[in-house]
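Colleague: Sharing coords-v8.json, JSON, C-alpha atoms:
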```
[["chain", "number", "residue", "atom", "x", "y", "z"],
["A", 1, "MET", "CA", 0.00, 0.00, 0.00],
["A", 2, "PRO", "CA", 1.47, 3.39, -0.96],
["A", 3, "ARG", "CA", 2.02, 6.16, 1.53],
["A", 4, "GLU", "CA", -1.25, 8.00, 2.28],
["A", 5, "THR", "CA", -1.50, 11.58, 3.45],
["A", 6, "ILE", "CA", -4.35, 13.84, 4.49],
["A", 7, "THR", "CA", -4.00, 17.54, 5.23],
["A", 8, "ARG", "CA", -6.87, 19.56, 6.66],
["A", 9, "ARG", "CA", -7.17, 23.18, 7.69],
["A", 10, "ALA", "CA", -9.33, 24.18, 10.65],
["A", 11, "ALA", "CA", -11.73, 25.95, 8.27],
["A", 12, "ASP", "CA", -12.39, 22.69, 6.37],
["A", 13, "ASN", "CA", -14.61, 21.35, 9.17],
["A", 14, "VAL", "CA", -17.13, 22.48, 11.75],
["A", 15, "TYR", "CA", -15.96, 22.22, 15.36],
["A", 16, "LEU", "CA", -18.41, 19.68, 16.77],
["A", 17, "HIS", "CA", -16.94, 16.60, 18.41],
["A", 18, "ARG", "CA", -19.99, 15.14, 20.13],
["A", 19, "ASP", "CA", -18.01, 12.43, 21.88],
["A", 20, "PHE", "CA", -16.79, 15.13, 24.25],
["A", 21, "HIS", "CA", -20.20, 14.72, 25.91],
["A", 22, "CYS", "CA", -19.23, 11.13, 26.74],
["A", 23, "ALA", "CA", -15.83, 12.25, 28.03],
["A", 24, "LEU", "CA", -17.46, 14.80, 30.33],
["A", 25, "ASN", "CA", -19.91, 12.16, 31.53],
["A", 26, "GLU", "CA", -17.01, 9.85, 32.36],
["A", 27, "ALA", "CA", -15.23, 12.67, 34.16],
["A", 28, "LEU", "CA", -18.25, 13.51, 36.34],
["A", 29, "ASP", "CA", -18.86, 9.86, 37.13],
["A", 30, "TYR", "CA", -15.21, 9.47, 38.13],
["A", 31, "LEU", "CA", -15.33, 12.56, 40.31],
["A", 32, "ASP", "CA", -18.51, 11.36, 42.00],
["A", 33, "ALA", "CA", -17.14, 7.86, 42.66],
["A", 34, "ASN", "CA", -13.76, 9.04, 43.96],
["A", 35, "TYR", "CA", -14.46, 12.40, 45.59],
["A", 36, "GLY", "CA", -18.22, 12.53, 46.16],
["A", 37, "ALA", "CA", -21.22, 14.53, 44.98],
["A", 38, "ALA", "CA", -20.04, 17.75, 46.64],
["A", 39, "ALA", "CA", -16.85, 17.58, 44.58],
["A", 40, "VAL", "CA", -18.85, 17.31, 41.35],
["A", 41, "ARG", "CA", -20.79, 20.43, 42.27],
["A", 42, "GLU", "CA", -17.71, 22.32, 43.43],
["A", 43, "TYR", "CA", -15.77, 21.46, 40.27],
["A", 44, "LEU", "CA", -18.67, 22.54, 38.04],
["A", 45, "ARG", "CA", -19.11, 25.71, 40.08],
["A", 46, "ARG", "CA", -15.45, 26.62, 39.58],
["A", 47, "PHE", "CA", -15.61, 25.79, 35.87],
["A", 48, "ALA", "CA", -18.72, 27.92, 35.35],
["A", 49, "ALA", "CA", -17.41, 30.80, 37.47],
["A", 50, "SER", "CA", -14.24, 31.06, 35.41],
["A", 51, "TYR", "CA", -15.26, 30.01, 31.89],
["A", 52, "HIS", "CA", -18.62, 31.80, 31.96],
["A", 53, "ALA", "CA", -17.33, 34.96, 33.65],
["A", 54, "PRO", "CA", -17.81, 36.96, 30.41],
["A", 55, "LEU", "CA", -21.40, 35.69, 30.11],
["A", 56, "THR", "CA", -22.15, 36.57, 33.74],
["A", 57, "ALA", "CA", -20.73, 40.04, 33.15],
["A", 58, "ALA", "CA", -22.87, 40.42, 30.01],
["A", 59, "ILE", "CA", -26.00, 39.43, 31.95],
["A", 60, "CYS", "CA", -25.18, 42.09, 34.55],
["A", 61, "ARG", "CA", -24.76, 44.66, 31.77],
["A", 62, "ARG", "CA", -27.53, 43.69, 29.35],
["A", 63, "GLY", "CA", -29.89, 41.44, 31.30],
["A", 64, "LEU", "CA", -31.54, 38.28, 30.03],
["A", 65, "PRO", "CA", -31.03, 38.99, 26.29],
["A", 66, "ALA", "CA", -27.35, 38.13, 26.81],
["A", 67, "LEU", "CA", -28.31, 34.76, 28.29],
["A", 68, "ARG", "CA", -30.90, 34.16, 25.60],
["A", 69, "GLU", "CA", -28.33, 34.74, 22.85],
["A", 70, "TYR", "CA", -25.92, 32.32, 24.51],
["A", 71, "LEU", "CA", -28.55, 29.58, 24.86],
["A", 72, "GLU", "CA", -29.80, 30.04, 21.29],
["A", 73, "GLU", "CA", -26.26, 29.72, 20.02],
["A", 74, "ILE", "CA", -25.27, 26.53, 21.83],
["A", 75, "TYR", "CA", -28.57, 24.79, 21.06],
["A", 76, "ARG", "CA", -28.23, 25.85, 17.41],
["A", 77, "ILE", "CA", -24.70, 24.43, 17.22],
["A", 78, "GLU", "CA", -25.74, 21.20, 18.93],
["A", 79, "GLY", "CA", -29.00, 20.88, 17.01],
["A", 80, "GLY", "CA", -30.94, 20.63, 20.27],
["A", 81, "ARG", "CA", -34.72, 20.90, 20.38],
["A", 82, "MET", "CA", -35.84, 23.62, 22.79],
["A", 83, "LYS", "CA", -38.19, 26.56, 23.24],
["A", 84, "LEU", "CA", -37.29, 29.90, 24.78],
["A", 85, "ALA", "CA", -39.86, 32.34, 26.12],
["A", 86, "GLY", "CA", -39.83, 35.29, 28.46],
["A", 87, "ASP", "CA", -39.41, 38.99, 28.99],
["A", 88, "ALA", "CA", -37.02, 41.33, 30.79],
["A", 89, "ASP", "CA", -37.74, 39.67, 34.15],
["A", 90, "GLN", "CA", -37.68, 35.98, 33.31],
["A", 91, "LEU", "CA", -36.49, 33.53, 30.71],
["A", 92, "ARG", "CA", -37.98, 30.06, 30.41],
["A", 93, "LEU", "CA", -35.95, 27.42, 28.59],
["A", 94, "GLU", "CA", -37.88, 24.30, 27.78],
["A", 95, "VAL", "CA", -35.56, 21.59, 26.56],
["A", 96, "LEU", "CA", -37.40, 18.93, 24.59],
["A", 97, "GLU", "CA", -34.33, 16.75, 24.23],
["A", 98, "CYS", "CA", -30.84, 17.47, 25.54],
["A", 99, "PRO", "CA", -28.22, 16.90, 22.81],
["A", 100, "ALA", "CA", -25.64, 15.80, 25.38],
["A", 101, "VAL", "CA", -27.86, 13.15, 26.98],
["A", 102, "VAL", "CA", -29.08, 11.94, 23.59],
["A", 103, "HIS", "CA", -25.53, 11.51, 22.30],
["A", 104, "ILE", "CA", -24.33, 9.69, 25.44],
["A", 105, "ARG", "CA", -27.22, 7.24, 25.12],
["A", 106, "ARG", "CA", -26.65, 6.77, 21.38],
["A", 107, "GLN", "CA", -23.13, 5.65, 22.21],
["A", 108, "GLY", "CA", -24.56, 2.92, 24.43],
["A", 109, "ARG", "CA", -23.60, 4.71, 27.64],
["A", 110, "GLN", "CA", -25.69, 5.97, 30.56],
["A", 111, "PRO", "CA", -25.62, 9.57, 31.75],
["A", 112, "CYS", "CA", -24.08, 9.51, 35.23],
["A", 113, "ALA", "CA", -26.14, 10.16, 38.35],
["A", 114, "ARG", "CA", -24.82, 13.74, 38.70],
["A", 115, "PHE", "CA", -25.20, 14.72, 35.04],
["A", 116, "VAL", "CA", -28.07, 17.01, 36.02],
["A", 117, "GLU", "CA", -25.47, 19.25, 37.73],
["A", 118, "THR", "CA", -24.24, 20.33, 34.28],
["A", 119, "VAL", "CA", -27.53, 22.21, 34.24],
["A", 120, "ARG", "CA", -28.34, 22.98, 37.90],
["A", 121, "THR", "CA", -24.90, 23.96, 39.18],
["A", 122, "VAL", "CA", -23.65, 25.53, 35.95],
["A", 123, "TYR", "CA", -26.69, 27.76, 35.37],
["A", 124, "ALA", "CA", -26.95, 28.71, 39.04],
["A", 125, "THR", "CA", -23.29, 29.75, 38.95],
["A", 126, "ILE", "CA", -23.74, 31.75, 35.77],
["A", 127, "CYS", "CA", -26.46, 33.73, 37.59],
["A", 128, "THR", "CA", -24.38, 34.34, 40.72],
["A", 129, "GLY", "CA", -23.77, 38.06, 41.11],
["A", 130, "THR", "CA", -26.43, 38.95, 38.54],
["A", 131, "PRO", "CA", -29.95, 40.26, 39.25],
["A", 132, "PHE", "CA", -31.31, 36.82, 38.29],
["A", 133, "VAL", "CA", -31.71, 33.44, 39.95],
["A", 134, "PHE", "CA", -31.89, 30.02, 38.35],
["A", 135, "THR", "CA", -34.39, 27.28, 39.15],
["A", 136, "LEU", "CA", -34.55, 23.85, 37.58],
["A", 137, "LEU", "CA", -38.28, 23.24, 37.48],
["A", 138, "ASP", "CA", -38.10, 19.69, 36.18],
["A", 139, "TYR", "CA", -35.60, 17.37, 34.58],
["A", 140, "ASP", "CA", -35.93, 13.97, 32.95],
["A", 141, "PRO", "CA", -32.65, 12.07, 33.38],
["A", 142, "ALA", "CA", -33.55, 9.79, 30.47],
["A", 143, "THR", "CA", -33.55, 12.60, 27.90],
["A", 144, "GLY", "CA", -32.35, 15.71, 29.69],
["A", 145, "ALA", "CA", -35.71, 17.27, 28.84],
["A", 146, "GLY", "CA", -37.29, 19.72, 31.26],
["A", 147, "VAL", "CA", -37.82, 23.32, 32.13],
["A", 148, "ARG", "CA", -35.10, 25.72, 33.23],
["A", 149, "LEU", "CA", -36.20, 29.09, 34.62],
["A", 150, "PHE", "CA", -34.13, 32.24, 35.03],
["A", 151, "LYS", "CA", -36.01, 34.85, 37.03],
["A", 152, "ARG", "CA", -35.28, 38.31, 38.41],
["A", 153, "ARG", "CA", -34.47, 38.15, 42.12],
["A", 154, "LEU", "CA", -37.03, 39.58, 44.47],
["A", 155, "PRO", "CA", -35.93, 42.92, 45.97],
["B", 1, "MET", "CA", -25.96, 21.81, 29.26],
["B", 2, "ILE", "CA", -22.27, 22.11, 28.77],
["B", 3, "SER", "CA", -21.92, 22.12, 25.00],
["B", 4, "CYS", "CA", -19.35, 19.79, 23.48],
["B", 5, "THR", "CA", -17.78, 23.00, 22.14],
["B", 6, "GLU", "CA", -17.16, 24.00, 25.78],
["B", 7, "PHE", "CA", -15.66, 20.69, 26.84],
["B", 8, "ILE", "CA", -11.99, 21.65, 26.50],
["B", 9, "PRO", "CA", -12.06, 24.42, 29.13],
["B", 10, "ALA", "CA", -14.14, 22.11, 31.35],
["B", 11, "TYR", "CA", -11.50, 19.40, 30.93],
["B", 12, "SER", "CA", -8.64, 21.79, 31.71],
["B", 13, "GLU", "CA", -10.44, 23.05, 34.81],
["B", 14, "LEU", "CA", -11.00, 19.45, 35.92],
["B", 15, "PHE", "CA", -7.26, 18.74, 35.78],
["B", 16, "LYS", "CA", -6.66, 21.81, 37.95],
["B", 17, "TYR", "CA", -9.33, 20.71, 40.41],
["B", 18, "LEU", "CA", -7.93, 17.18, 40.67],
["B", 19, "GLU", "CA", -4.40, 18.45, 41.16],
["B", 20, "GLU", "CA", -5.63, 20.62, 44.00],
["B", 21, "GLN", "CA", -7.28, 17.58, 45.62],
["B", 22, "GLY", "CA", -4.44, 15.07, 45.31],
["B", 23, "GLY", "CA", -1.51, 16.56, 43.45],
["B", 24, "ARG", "CA", -0.20, 15.33, 40.12],
["B", 25, "PRO", "CA", -0.90, 11.63, 40.97],
["B", 26, "ALA", "CA", -4.62, 12.43, 41.15],
["B", 27, "VAL", "CA", -4.53, 13.86, 37.62],
["B", 28, "VAL", "CA", -2.56, 10.91, 36.25],
["B", 29, "LYS", "CA", -4.92, 8.45, 37.91],
["B", 30, "PHE", "CA", -7.86, 10.13, 36.18],
["B", 31, "TRP", "CA", -6.09, 10.05, 32.79],
["B", 32, "GLU", "CA", -5.48, 6.32, 33.25],
["B", 33, "HIS", "CA", -9.13, 5.80, 34.09],
["B", 34, "LEU", "CA", -10.24, 7.76, 31.05],
["B", 35, "SER", "CA", -7.87, 5.86, 28.78],
["B", 36, "ASP", "CA", -9.23, 2.53, 30.03],
["B", 37, "ARG", "CA", -12.88, 3.54, 29.89],
["B", 38, "TYR", "CA", -13.21, 5.98, 27.02],
["B", 39, "LEU", "CA", -10.87, 4.84, 24.24],
["B", 40, "ASP", "CA", -12.42, 1.48, 23.35],
["B", 41, "ASN", "CA", -12.94, 2.73, 19.82],
["B", 42, "LEU", "CA", -9.21, 3.33, 19.22],
["B", 43, "ARG", "CA", -8.33, 0.08, 20.98],
["B", 44, "GLU", "CA", -10.66, -1.97, 18.78],
["B", 45, "LEU", "CA", -9.66, -0.25, 15.55],
["B", 46, "ALA", "CA", -5.93, -0.63, 16.26],
["B", 47, "ARG", "CA", -6.39, -4.26, 17.27],
["B", 48, "GLU", "CA", -8.38, -5.08, 14.13],
["B", 49, "HIS", "CA", -6.64, -2.93, 11.52],
["B", 50, "GLY", "CA", -3.19, -2.25, 12.95],
["B", 51, "LEU", "CA", -1.73, 1.13, 12.01],
["B", 52, "ARG", "CA", -4.67, 1.73, 9.68],
["B", 53, "GLY", "CA", -6.88, 1.58, 12.77],
["B", 54, "CYS", "CA", -5.01, 4.65, 14.10],
["B", 55, "TRP", "CA", -5.61, 6.35, 10.74],
["B", 56, "LEU", "CA", -9.32, 5.55, 10.89],
["B", 57, "TYR", "CA", -9.68, 6.69, 14.50],
["B", 58, "TRP", "CA", -7.91, 10.02, 14.15],
["B", 59, "GLN", "CA", -9.42, 10.71, 10.73],
["B", 60, "GLN", "CA", -12.79, 10.93, 12.42],
["B", 61, "THR", "CA", -11.82, 12.70, 15.63],
["B", 62, "LEU", "CA", -9.49, 15.29, 14.09],
["B", 63, "ASN", "CA", -12.05, 16.22, 11.44],
["B", 64, "GLU", "CA", -14.80, 16.56, 14.07],
["B", 65, "GLU", "CA", -12.46, 18.70, 16.16],
["B", 66, "ALA", "CA", -11.72, 20.89, 13.12],
["B", 67, "ALA", "CA", -8.00, 20.42, 13.62],
["B", 68, "ASP", "CA", -5.31, 21.86, 11.35],
["B", 69, "PHE", "CA", -3.19, 18.79, 10.69],
["B", 70, "THR", "CA", -1.37, 16.47, 8.32],
["B", 71, "MET", "CA", -1.81, 12.75, 8.86],
["B", 72, "THR", "CA", 0.43, 10.19, 7.16],
["B", 73, "LEU", "CA", 0.13, 6.41, 7.00],
["B", 74, "ASP", "CA", 3.01, 4.37, 5.59],
["B", 75, "GLU", "CA", 2.16, 0.73, 6.13],
["B", 76, "GLU", "CA", 5.29, -0.51, 4.33],
["B", 77, "LEU", "CA", 7.46, 1.51, 6.68],
["B", 78, "GLY", "CA", 5.19, 0.59, 9.58],
["B", 79, "GLU", "CA", 4.56, 4.16, 10.63],
["B", 80, "PHE", "CA", 1.57, 6.40, 11.31],
["B", 81, "ARG", "CA", 2.16, 10.07, 11.97],
["B", 82, "ILE", "CA", 0.14, 13.13, 12.93],
["B", 83, "ASP", "CA", 1.66, 16.56, 12.47],
["B", 84, "MET", "CA", -0.63, 18.87, 14.38],
["B", 85, "HIS", "CA", -0.07, 22.31, 12.90],
["B", 86, "HIS", "CA", -2.65, 23.88, 15.19],
["B", 87, "CYS", "CA", -4.43, 21.87, 17.87],
["B", 88, "PRO", "CA", -8.03, 23.09, 18.26],
["B", 89, "SER", "CA", -8.08, 22.19, 21.96],
["B", 90, "LYS", "CA", -4.84, 23.83, 23.03],
["B", 91, "GLY", "CA", -5.45, 26.66, 20.60],
["B", 92, "ARG", "CA", -8.76, 27.44, 22.29],
["B", 93, "LEU", "CA", -7.24, 27.25, 25.76],
["B", 94, "LEU", "CA", -4.56, 29.73, 24.77],
["B", 95, "GLN", "CA", -7.19, 32.09, 23.34],
["B", 96, "TYR", "CA", -9.51, 32.32, 26.35],
["B", 97, "GLY", "CA", -8.76, 35.34, 28.45],
["B", 98, "GLN", "CA", -10.91, 34.24, 31.38],
["B", 99, "ILE", "CA", -9.18, 30.95, 32.22],
["B", 100, "HIS", "CA", -5.62, 29.80, 32.76],
["B", 101, "PRO", "CA", -5.04, 26.41, 31.14],
["B", 102, "TYR", "CA", -3.78, 23.52, 33.23],
["B", 103, "PRO", "CA", -0.01, 23.91, 32.81],
["B", 104, "ASP", "CA", 0.61, 20.36, 31.58],
["B", 105, "TYR", "CA", -2.65, 20.07, 29.65],
["B", 106, "CYS", "CA", -1.12, 18.44, 26.56],
["B", 107, "ARG", "CA", 0.43, 15.60, 28.55],
["B", 108, "HIS", "CA", -2.92, 13.79, 28.66],
["B", 109, "CYS", "CA", -2.51, 13.05, 24.93],
["B", 110, "ASP", "CA", 0.73, 11.27, 25.78],
["B", 111, "LEU", "CA", -0.68, 9.12, 28.57],
["B", 112, "LEU", "CA", -4.14, 8.32, 27.15],
["B", 113, "TYR", "CA", -3.03, 7.02, 23.74],
["B", 114, "ARG", "CA", 0.25, 5.44, 24.87],
["B", 115, "ARG", "CA", -1.70, 3.38, 27.39],
["B", 116, "VAL", "CA", -3.91, 2.01, 24.61],
["B", 117, "LEU", "CA", -1.31, 1.46, 21.89],
["B", 118, "GLU", "CA", 1.78, 0.12, 23.66],
["B", 119, "PRO", "CA", 0.02, -2.98, 25.08],
["B", 120, "LEU", "CA", -1.05, -3.75, 21.49],
["B", 121, "GLY", "CA", 2.58, -3.85, 20.38],
["B", 122, "PHE", "CA", 2.97, -0.36, 18.91],
["B", 123, "SER", "CA", 5.57, 2.18, 19.90],
["B", 124, "TYR", "CA", 4.23, 5.66, 20.63],
["B", 125, "GLU", "CA", 6.16, 8.90, 20.49],
["B", 126, "ILE", "CA", 4.91, 12.42, 21.08],
["B", 127, "ASP", "CA", 6.74, 15.70, 20.55],
["B", 128, "LEU", "CA", 5.26, 18.41, 22.77],
["B", 129, "SER", "CA", 8.14, 20.87, 22.34],
["B", 130, "ARG", "CA", 5.85, 23.31, 20.47],
["B", 131, "ALA", "CA", 2.80, 22.81, 22.71],
["B", 132, "ASP", "CA", 2.97, 26.46, 23.78],
["B", 133, "ARG", "CA", 2.07, 27.27, 20.14],
["B", 134, "ALA", "CA", -0.67, 24.59, 20.01],
["B", 135, "ALA", "CA", 1.48, 22.38, 17.76],
["B", 136, "CYS", "CA", 2.72, 18.84, 18.31],
["B", 137, "ALA", "CA", 3.53, 15.57, 16.54],
["B", 138, "ILE", "CA", 2.61, 11.96, 17.26],
["B", 139, "ILE", "CA", 4.36, 8.96, 15.69],
["B", 140, "VAL", "CA", 3.02, 5.43, 16.10],
["B", 141, "ARG", "CA", 5.18, 2.57, 14.83],
["B", 142, "ARG", "CA", 4.41, -1.10, 14.39],
["B", 143, "GLY", "CA", 6.51, -3.23, 16.74],
["B", 144, "ARG", "CA", 8.65, -1.82, 19.54]]
```
Could you show the structure in this file as structure tokens?
Modeller:
Amino acid sequence: MPRETITRRAADNVYLHRDFHCALNEALDYLDANYGAAAVREYLRRFAASYHAPLTAAICRRGLPALREYLEEIYRIEGGRMKLAGDADQLRLEVLECPAVVHIRRQGRQPCARFVETVRTVYATICTGTPFVFTLLDYDPATGAGVRLFKRRLP
Amino acid sequence: MISCTEFIPAYSELFKYLEEQGGRPAVVKFWEHLSDRYLDNLRELAREHGLRGCWLYWQQTLNEEAADFTMTLDEELGEFRIDMHHCPSKGRLLQYGQIHPYPDYCRHCDLLYRRVLEPLGFSYEIDLSRADRAACAIIVRRGR
């Protein structure tokens, strides 16, 4: 067989490696098994506080439209089915099917017991220091479907 | 949801968290776990197809990761090579202003793949000397 070569530039492809969902699932499961549930939450809190700092700052500056734009973008990229509704005081995200959970299951794996924290802890942390508070109204571990609510804090 | 496009900073922050809990051994232990649990696809492809299995595995992952790379397979010579001109993962970590990457982030690529390929009889070499510019090279050879 002759020598084979492939060269690709970054612009040749779309950045979307869905198996990273499985790697994150493994990581959370490992953290839970070896360090406990509090460690999962603390790790995700630290991740969200640092990585999402620009988003948190944008929410403080511009309110819920900044969050809405972020959510629209990641669900567009992932091809996730969801509905967004709200006004200046609240934003309701209804996820019909979570792309992360769906992909993990398609690979024959199970979302770990703490996978819900990628929603609950991460969104709560994003809202920390903003005029808004996050509540997970319901969540189906089988599909990741459910309602996420961001609401203006009471004075 | 943490989007798969946000995984790399989440991964880097995890390494930092683990190191804080148990030092470098805690990070290495996690990498070993991940290699054993998460890389079945590479293991099966390399077992079934030899060096071509490496080609098949990285052809998919590097395209999905939108990497800037050259991949070479020379089965007569018994060598598979990746020249990563710009790693999308390390490149992103270097771009973010809000996070500091785990200092030895790229080392996981050494441990994870070596741990799969060496037991199958391949030799595995990685050149991380240009990791600070998001560039590296991996060479897998048949036999030791």
Colleague: Kindly provide the residues of chain A that approach chain B to within 9 Å, each paired with its closest atom pair and their distance in Å to one decimal, based on all atoms listed in the file, listed by chain and increasing number, as CSV.
Modeller:
```
residue,atom,partner,partner_atom,distance
A:Met1,CA,B:Glu75,CA,6.5
A:Pro2,CA,B:Asp74,CA,6.8
A:Arg3,CA,B:Asp74,CA,4.5
A:Glu4,CA,B:Leu73,CA,5.2
A:Thr5,CA,B:Thr72,CA,4.4
A:Ile6,CA,B:Met71,CA,5.2
A:Thr7,CA,B:Thr70,CA,4.2
A:Arg8,CA,B:Asp68,CA,5.5
A:Arg9,CA,B:Asp68,CA,4.3
A:Ala10,CA,B:Asp68,CA,4.7
A:Ala11,CA,B:Ala66,CA,7.0
A:Asp12,CA,B:Ala66,CA,7.0
A:Asn13,CA,B:Ala66,CA,4.9
A:Val14,CA,B:Ala66,CA,5.8
A:Tyr15,CA,B:Ala66,CA,5.0
A:Leu16,CA,B:Glu64,CA,5.5
A:His17,CA,B:Glu64,CA,4.8
A:Arg18,CA,B:Cys4,CA,5.8
A:Asp19,CA,B:Cys4,CA,7.7
A:Phe20,CA,B:Cys4,CA,5.4
A:His21,CA,B:Cys4,CA,5.7
A:Cys22,CA,B:Tyr38,CA,7.9
A:Ala23,CA,B:Tyr38,CA,6.9
A:Leu24,CA,B:Phe7,CA,7.1
A:Glu26,CA,B:Leu34,CA,7.2
A:Ala27,CA,B:Leu34,CA,7.7
A:Tyr30,CA,B:Phe30,CA,7.6
A:Leu31,CA,B:Leu18,CA,8.7
A:Tyr35,CA,B:Gln21,CA,8.9
A:Tyr43,CA,B:Tyr17,CA,6.5
A:Leu44,CA,B:Ala10,CA,8.1
A:Arg46,CA,B:Glu13,CA,7.8
A:Phe47,CA,B:Glu13,CA,5.9
A:Ala48,CA,B:Ala10,CA,8.4
A:Ser50,CA,B:Ile99,CA,6.0
A:Tyr51,CA,B:Gln98,CA,6.1
A:His52,CA,B:Gln98,CA,8.1
A:Ala53,CA,B:Gln98,CA,6.8
A:Pro54,CA,B:Gln98,CA,7.5
A:Ile74,CA,B:Ser3,CA,6.4
A:Tyr75,CA,B:Ser3,CA,8.2
A:Ile77,CA,B:Ser3,CA,8.6
A:Glu78,CA,B:Ser3,CA,7.2
A:Cys98,CA,B:Met1,CA,7.5
A:Pro99,CA,B:Met1,CA,8.4
A:Ala100,CA,B:Met1,CA,7.2
A:Val116,CA,B:Met1,CA,8.6
A:Glu117,CA,B:Met1,CA,8.9
A:Thr118,CA,B:Met1,CA,5.5
A:Val119,CA,B:Met1,CA,5.2
A:Val122,CA,B:Met1,CA,8.0
A:Tyr123,CA,B:Met1,CA,8.6
A:Gly144,CA,B:Met1,CA,8.8
```
Colleague: Take the residues just selected and output them with C-alpha atoms as a compact mmCIF listing (two decimals), in the frame of the given file.
Modeller:
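Contents of again-v1.txt, freshly written:
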```txt
# COMPACT_ATOMS: atom_id res chain seq x y z
CA MET A 1 0.00 0.00 0.00
CA PRO A 2 1.47 3.39 -0.96
CA ARG A 3 2.02 6.16 1.53
CA GLU A 4 -1.25 8.00 2.28
CA THR A 5 -1.50 11.58 3.45
CA ILE A 6 -4.35 13.84 4.49
CA THR A 7 -4.00 17.54 5.23
CA ARG A 8 -6.87 19.56 6.66
CA ARG A 9 -7.17 23.18 7.69
CA ALA A 10 -9.33 24.18 10.65
CA ALA A 11 -11.73 25.95 8.27
CA ASP A 12 -12.39 22.69 6.37
CA ASN A 13 -14.61 21.35 9.17
CA VAL A 14 -17.13 22.48 11.75
CA TYR A 15 -15.96 22.22 15.36
CA LEU A 16 -18.41 19.68 16.77
CA HIS A 17 -16.94 16.60 18.41
CA ARG A 18 -19.99 15.14 20.13
CA ASP A 19 -18.01 12.43 21.88
CA PHE A 20 -16.79 15.13 24.25
CA HIS A 21 -20.20 14.72 25.91
CA CYS A 22 -19.23 11.13 26.74
CA ALA A 23 -15.83 12.25 28.03
CA LEU A 24 -17.46 14.80 30.33
CA GLU A 26 -17.01 9.85 32.36
CA ALA A 27 -15.23 12.67 34.16
CA TYR A 30 -15.21 9.47 38.13
CA LEU A 31 -15.33 12.56 40.31
CA TYR A 35 -14.46 12.40 45.59
CA TYR A 43 -15.77 21.46 40.27
CA LEU A 44 -18.67 22.54 38.04
CA ARG A 46 -15.45 26.62 39.58
CA PHE A 47 -15.61 25.79 35.87
CA ALA A 48 -18.72 27.92 35.35
CA SER A 50 -14.24 31.06 35.41
CA TYR A 51 -15.26 30.01 31.89
CA HIS A 52 -18.62 31.80 31.96
CA ALA A 53 -17.33 34.96 33.65
CA PRO A 54 -17.81 36.96 30.41
CA ILE A 74 -25.27 26.53 21.83
CA TYR A 75 -28.57 24.79 21.06
CA ILE A 77 -24.70 24.43 17.22
CA GLU A 78 -25.74 21.20 18.93
CA CYS A 98 -30.84 17.47 25.54
CA PRO A 99 -28.22 16.90 22.81
CA ALA A 100 -25.64 15.80 25.38
CA VAL A 116 -28.07 17.01 36.02
CA GLU A 117 -25.47 19.25 37.73
CA THR A 118 -24.24 20.33 34.28
CA VAL A 119 -27.53 22.21 34.24
CA VAL A 122 -23.65 25.53 35.95
CA TYR A 123 -26.69 27.76 35.37
CA GLY A 144 -32.35 15.71 29.69
```
Colleague: A:Ala88, A:Thr143, A:Arg152, A:Arg120: which is nearest Arg106 of chain A, counting all atoms listed in the file?
Modeller: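 The closest residue to Arg106 of chain A is A:Thr143.
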Colleague: Work out how far atom CA of Cys127 of chain A is from atom CA of Arg61 of chain A, in Å to one decimal.
Modeller: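 Spanning atom CA of Arg61 of chain A to atom CA of Cys127 of chain A is a straight-line distance of 12.5 Å.
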Colleague: What's the separation between atom CA of Thr56 of chain A and atom CA of Val133 of chain A, in Å to one decimal place?
Modeller: 11.8 Å
Colleague: By how many Å are atom CA of Glu69 of chain A and atom CA of His103 of chain A apart?
Modeller: 23.4 Å
